Structure formats: structure tokens, C-alpha cells
file structure_12.tsv (TSV, C-alpha atoms)
chain	number	residue	atom	x	y	z
X	1	MET	CA	-114.24	33.85	147.64
X	2	ALA	CA	-112.53	31.07	145.76
X	3	ARG	CA	-109.26	31.22	143.87
X	4	SER	CA	-108.50	29.49	140.60
X	5	ASN	CA	-105.31	30.08	138.71
X	6	HIS	CA	-105.53	28.21	135.41
X	7	PRO	CA	-101.89	28.75	134.32
X	8	ALA	CA	-100.65	27.40	137.67
X	9	VAL	CA	-102.81	24.27	137.30
X	10	ALA	CA	-101.45	23.72	133.78
X	11	ASN	CA	-97.88	24.30	134.99
X	12	ARG	CA	-98.23	21.78	137.79
X	13	THR	CA	-99.76	19.20	135.46
X	14	VAL	CA	-97.04	19.59	132.82
X	15	LEU	CA	-94.29	19.53	135.45
X	16	ALA	CA	-95.76	16.40	137.06
X	17	LEU	CA	-95.94	14.60	133.70
X	18	LEU	CA	-92.42	15.72	132.76
X	19	GLY	CA	-91.10	14.65	136.17
X	20	ALA	CA	-92.74	11.23	135.87
X	21	ALA	CA	-91.31	10.74	132.36
X	22	LEU	CA	-87.81	11.76	133.47
X	23	ALA	CA	-87.95	9.57	136.59
X	24	THR	CA	-89.10	6.60	134.50
X	25	GLY	CA	-86.38	7.20	131.90
X	26	GLY	CA	-83.72	7.56	134.59
X	27	GLY	CA	-84.88	4.43	136.36
X	28	LEU	CA	-84.79	2.43	133.11
X	29	ALA	CA	-81.30	3.77	132.30
X	30	LEU	CA	-80.02	2.75	135.75
X	31	ALA	CA	-81.65	-0.67	135.48
X	32	ALA	CA	-80.08	-1.17	132.03
X	33	HIS	CA	-76.67	-0.05	133.32
X	34	PHE	CA	-76.75	-2.58	136.16
X	35	ASP	CA	-77.98	-5.30	133.76
X	36	ARG	CA	-81.39	-5.65	135.45
X	37	LEU	CA	-83.39	-5.53	132.20
X	38	ASN	CA	-83.34	-8.90	130.45
X	39	TRP	CA	-84.55	-7.35	127.16
X	40	VAL	CA	-81.54	-4.98	126.93
X	41	ASP	CA	-78.11	-6.25	125.86
X	42	THR	CA	-75.54	-4.10	127.66
X	43	ASN	CA	-72.81	-5.01	125.14
X	44	ALA	CA	-74.84	-4.04	122.04
X	45	ARG	CA	-74.37	-0.76	120.18
X	46	LEU	CA	-76.89	1.97	120.79
X	47	VAL	CA	-77.32	2.64	117.06
X	48	PRO	CA	-76.41	-0.17	114.65
X	49	GLY	CA	-74.19	0.77	111.70
X	50	THR	CA	-72.92	4.15	110.52
X	51	ALA	CA	-75.36	4.82	107.66
X	52	ALA	CA	-77.76	7.76	107.74
X	53	PRO	CA	-81.20	6.93	109.07
X	54	PRO	CA	-84.16	6.67	106.66
X	55	THR	CA	-85.99	9.84	105.60
X	56	TRP	CA	-89.04	9.05	107.77
X	57	VAL	CA	-86.87	9.40	110.90
X	58	PHE	CA	-86.04	13.00	109.96
X	59	VAL	CA	-89.70	13.74	109.17
X	60	ALA	CA	-90.75	12.29	112.53
X	61	LEU	CA	-88.13	14.36	114.38
X	62	ILE	CA	-89.14	17.58	112.61
X	63	THR	CA	-92.83	16.88	113.31
X	64	ALA	CA	-92.11	16.18	117.00
X	65	ALA	CA	-89.97	19.34	117.29
X	66	THR	CA	-92.73	21.43	115.66
X	67	ALA	CA	-95.36	19.98	118.00
X	68	LEU	CA	-93.10	20.69	120.99
X	69	ALA	CA	-92.54	24.27	119.81
X	70	LEU	CA	-96.30	24.83	119.45
X	71	LEU	CA	-96.89	23.43	122.94
X	72	CYS	CA	-94.22	25.77	124.31
X	73	LEU	CA	-95.90	28.75	122.61
X	74	ARG	CA	-99.26	27.69	124.08
X	75	TRP	CA	-97.63	27.47	127.51
X	76	LEU	CA	-96.18	30.99	127.11
X	77	TYR	CA	-99.61	32.31	126.10
X	78	ALA	CA	-101.13	30.73	129.22
X	79	GLN	CA	-98.61	32.61	131.35
X	80	ILE	CA	-99.57	35.95	129.84
X	81	PHE	CA	-103.35	35.45	129.95
X	82	ARG	CA	-104.14	35.85	133.64
X	83	MET	CA	-107.71	37.04	133.83
X	84	PRO	CA	-110.84	36.37	131.76
X	85	THR	CA	-111.64	38.89	129.06
X	86	ALA	CA	-114.17	41.64	129.58
X	87	ARG	CA	-117.57	41.56	127.88
X	88	ILE	CA	-120.06	44.10	126.58
X	89	TRP	CA	-123.41	43.88	128.30
X	90	ARG	CA	-126.66	45.04	126.71
X	91	ILE	CA	-129.10	46.23	129.35
X	92	GLU	CA	-132.75	46.64	128.40
X	93	ALA	CA	-135.63	47.68	130.59
X	94	ASP	CA	-138.95	45.93	130.06
X	95	ASP	CA	-140.95	49.13	129.66
X	96	ALA	CA	-138.34	51.19	127.74
X	97	ALA	CA	-137.89	51.42	124.02
X	98	GLY	CA	-134.10	51.80	124.15
X	99	HIS	CA	-131.19	49.93	125.60
X	100	THR	CA	-127.85	50.62	127.26
X	101	THR	CA	-124.51	48.98	126.54
X	102	LEU	CA	-121.94	48.68	129.30
X	103	ALA	CA	-118.45	47.22	129.17
X	104	SER	CA	-117.95	44.87	132.09
X	105	ARG	CA	-114.48	46.37	132.58
X	106	THR	CA	-116.09	49.79	133.09
X	107	ALA	CA	-118.40	48.37	135.76
X	108	ALA	CA	-115.43	46.81	137.59
X	109	LEU	CA	-113.23	49.93	137.71
X	110	PRO	CA	-115.07	51.50	140.70
X	111	VAL	CA	-114.65	48.25	142.65
X	112	ALA	CA	-110.87	48.43	142.26
X	113	ALA	CA	-110.89	52.14	143.12
X	114	ASP	CA	-112.92	51.49	146.28
X	115	ILE	CA	-110.63	48.67	147.39
X	116	GLU	CA	-107.53	50.82	146.86
X	117	GLU	CA	-108.95	53.29	149.38
X	118	PHE	CA	-109.13	50.64	152.13
X	119	PRO	CA	-106.37	50.84	154.75
X	120	GLY	CA	-103.57	48.36	154.17
X	121	VAL	CA	-104.06	48.12	150.38
X	122	ARG	CA	-101.32	49.16	147.96
X	123	SER	CA	-103.10	48.34	144.70
X	124	ALA	CA	-106.15	46.58	143.36
X	125	SER	CA	-107.51	45.50	140.02
X	126	ALA	CA	-110.88	43.99	139.16
X	127	TRP	CA	-112.51	42.32	136.15
X	128	LEU	CA	-116.12	41.35	135.52
X	129	THR	CA	-116.88	38.45	133.22
X	130	GLY	CA	-119.83	36.26	132.42
X	131	HIS	CA	-123.41	37.08	131.52
X	132	ARG	CA	-125.06	40.28	132.80
X	133	ASP	CA	-127.45	38.30	135.04
X	134	THR	CA	-124.72	36.02	136.48
X	135	PRO	CA	-121.48	38.03	136.48
X	136	GLU	CA	-118.22	36.84	137.96
X	137	LEU	CA	-115.96	39.33	139.72
X	138	HIS	CA	-112.22	38.65	139.68
X	139	MET	CA	-109.99	40.77	141.93
X	140	ILE	CA	-106.24	40.97	142.52
X	141	VAL	CA	-105.37	42.95	145.64
X	142	THR	CA	-101.84	43.77	146.80
X	143	ALA	CA	-101.83	44.44	150.53
X	144	GLU	CA	-99.23	45.88	152.88
X	145	PRO	CA	-97.15	43.23	154.68
X	146	ASP	CA	-98.76	44.07	158.03
X	147	ALA	CA	-102.37	44.30	156.77
X	148	ASP	CA	-105.15	42.56	158.70
X	149	VAL	CA	-106.14	39.96	156.09
X	150	SER	CA	-109.41	38.85	157.65
X	151	ALA	CA	-110.61	42.44	158.13
X	152	LEU	CA	-109.58	43.34	154.59
X	153	ARG	CA	-111.32	40.31	153.11
X	154	ARG	CA	-114.47	41.00	155.13
X	155	ARG	CA	-114.49	44.66	154.09
X	156	ILE	CA	-114.06	43.75	150.41
X	157	ALA	CA	-116.96	41.29	150.63
X	158	THR	CA	-119.31	43.50	152.61
X	159	GLU	CA	-118.56	46.88	151.04
X	160	ALA	CA	-117.00	46.66	147.57
X	161	VAL	CA	-118.79	43.53	146.34
X	162	THR	CA	-122.10	44.55	147.90
X	163	ALA	CA	-121.88	48.01	146.29
X	164	LEU	CA	-121.31	46.37	142.92
X	165	ARG	CA	-124.29	44.05	143.44
X	166	HIS	CA	-126.50	47.02	144.20
X	167	ALA	CA	-125.17	49.00	141.22
X	168	LEU	CA	-125.84	46.09	138.84
X	169	GLU	CA	-129.19	45.39	140.54
X	170	ILE	CA	-128.52	41.67	140.99
X	171	ASP	CA	-128.98	39.39	143.99
X	172	GLU	CA	-125.78	37.33	143.74
X	173	ILE	CA	-122.33	37.72	142.28
X	174	THR	CA	-119.55	35.15	142.19
X	175	ALA	CA	-116.35	36.73	143.50
X	176	GLU	CA	-112.78	35.51	143.24
X	177	LEU	CA	-110.08	37.25	145.29
X	178	GLU	CA	-106.34	36.81	144.84
X	179	LEU	CA	-104.58	38.49	147.73
X	180	ARG	CA	-100.89	39.31	147.35
X	181	PHE	CA	-98.55	40.88	149.84
X	182	ALA	CA	-96.28	43.76	148.91
X	183	ASP	CA	-92.55	43.59	149.47
X	184	ALA	CA	-91.78	45.18	152.85
X	185	ASP	CA	-88.60	46.83	151.49
X	186	ARG	CA	-90.32	48.49	148.54
X	187	PRO	CA	-92.04	51.82	149.26
X	188	ALA	CA	-95.75	52.19	148.56
X	189	ARG	CA	-96.85	53.55	145.19
X	190	LEU	CA	-98.05	57.13	145.18
X	191	HIS	CA	-101.36	57.79	143.42

call {"tool": "encode", "arguments": {"input": "structure_12.tsv", "output": "C-alpha cells"}}
result
Amino acid sequence: MARSNHPAVANRTVLALLGAALATGGGLALAAHFDRLNWVDTNARLVPGTAAPPTWVFVALITAATALALLCLRWLYAQIFRMPTARIWRIEADDAAGHTTLASRTAALPVAADIEEFPGVRSASAWLTGHRDTPELHMIVTAEPDADVSALRRRIATEAVTALRHALEIDEITAELELRFADADRPARLH
């Protein structure tokens, strides 16, 4: 079971780019201070004159600030959106005249309920995404601090995921498990 956390990947990328930009800027400022840059005059003024800058400077600053604000909003949205959205599946039998619709979220609820019954599990949630013939199961499981992780992972794979495969009548299902550990000082939730 693989793990992919898209907001964390975006966070690391943005932080790496920001860190590189700040390190470069700091290095250039230090080099300019110690007169190591031949293209910078250390005795010159930072901004020549006292007149107001041209109008295009203000327009450029407002545009840059707006773009930065939109990027910040996009970043906040990425933090909130943790799991893929559920889908509605239409199931048709070859020899039947009718069809059945099933929300993928409804199909995933029993998986989470089964996992919550396993020893050492405090809570579980599950989502199904993708096409009906190639679904992807995403699970977040919060385990007790002293839980046997390998046994829990094996039981999830062999019991909960297998039961879902049989219920959906498919041969394979891609499963993603995020395993979290509960705080040892916090009491378990009562159901």
C-alpha cells in the first residue's frame, strides 16, 4: 500500500524554492556588504532621488501582491483538500434491463467500520475513487500507540480490502493506507 500526500509534496516544493531564493538573496546581500560584487557600488544610494516612482511601479506591485494572495489561497485550499472526491458509479448487468447507482463513499463506509473493529485501532476512514472497474481505496487509520503495525497492516490488506474486492466483484484494487498513531495521553474515543 503506497502513500501519497499531495499537499505535503507541494509544501516541500514551495518551501525548497522559498529557501533557495532567501539563501541566494542573503548571500548576495552579504557579498555586496563586503564589497565582493564588482557590479554593486557600496557608496551609492539604494533608491536615487526623492520623487515618487512612476505609475507602472505601483501597478506592478499591486499585480504581484494579487498574484501572491491568489497563490496563498490556493495553498490554503490544498491544505484542506486531503482526499480525492467520491464518485457515483453506474452498475449495469449484461442481461438486465435496469441499472444500479452506487456512491463510492457508500461502498467505502463498511471498510472503515470493519477496520475500526480491529484490535489496536482508534478510528478509521476510507474513500473510494476512480472508475468502477479500477477503483482506488484511500484509508486513514489511527492506531493505538502500542499497536502491532505489521499485523494491523496485514489484517487490513487480507480482510478489509479483500472483502471490498469481493463485494465489488473485481480482481484488483489499488489501496493507499495512511497510518497514524494516537496520542498516548489522550483516552480512546467511545463509539

call {"tool": "closest_residue", "arguments": {"input": "structure_12.tsv", "among": "X:Ala151, X:Val161, X:Ile156, X:Ala10", "to": "Glu136 in chain X", "atoms": "only C-alpha atoms"}}
result
X:Val161

call {"tool": "residues_around", "arguments": {"input": "structure_12.tsv", "residues": "range 60-75 of chain X", "least_positions_apart": "5", "cutoff": "10 Å", "atoms": "all atoms listed in the file", "output": "PyMOL selection string"}}
result
chain X and resi 7+10-11+14+55+80

call {"tool": "write_last_selection", "arguments": {"input": "structure_12.tsv", "atoms": "C-alpha atoms", "output": "PDB file, in the frame of the given file"}}
result
ATOM      1  CA  PRO X   7    -101.890  28.750 134.320  1.00  0.00           C
ATOM      2  CA  ALA X  10    -101.450  23.720 133.780  1.00  0.00           C
ATOM      3  CA  ASN X  11     -97.880  24.300 134.990  1.00  0.00           C
ATOM      4  CA  VAL X  14     -97.040  19.590 132.820  1.00  0.00           C
ATOM      5  CA  THR X  55     -85.990   9.840 105.600  1.00  0.00           C
ATOM      6  CA  ILE X  80     -99.570  35.950 129.840  1.00  0.00           C
TER       7      ILE X  80
END

call {"tool": "closest_residue", "arguments": {"input": "structure_12.tsv", "among": "X:Arg132, X:His33, X:Arg45, X:Arg105", "to": "Glu169 in chain X", "atoms": "all atoms listed in the file"}}
result
X:Arg132

call {"tool": "atom_distance", "arguments": {"input": "structure_12.tsv", "atom1": "CA of Ala108 in chain X", "atom2": "CA of Ala160 in chain X"}}
result
10.1 Å

call {"tool": "residues_around", "arguments": {"input": "structure_12.tsv", "residues": "Glu172 in chain X", "least_positions_apart": "4", "cutoff": "10 Å", "atoms": "only C-alpha atoms", "output": "list in words"}}
result
Asp133, Thr134, Pro135, Glu136, Val161, Thr162, Arg165 and His166 of chain X

call {"tool": "residues_around", "arguments": {"input": "structure_12.tsv", "residues": "Leu137 in chain X", "least_positions_apart": "2", "cutoff": "10 Å", "atoms": "all atoms listed in the file", "output": "PyMOL selection string"}}
result
chain X and resi 1+84+104+108+111+126-130+134-135+139+161+164+173-177

call {"tool": "atom_distance", "arguments": {"input": "structure_12.tsv", "atom1": "CA of Leu152 in chain X", "atom2": "CA of Phe118 in chain X"}}
result
7.7 Å

call {"tool": "atom_distance", "arguments": {"input": "structure_12.tsv", "atom1": "CA of Glu159 in chain X", "atom2": "CA of Glu116 in chain X"}}
result
12.4 Å

call {"tool": "closest_residue", "arguments": {"input": "structure_12.tsv", "among": "X:His131, X:Arg36, X:Arg122, X:His138", "to": "Glu178 in chain X", "atoms": "only C-alpha atoms"}}
result
X:His138
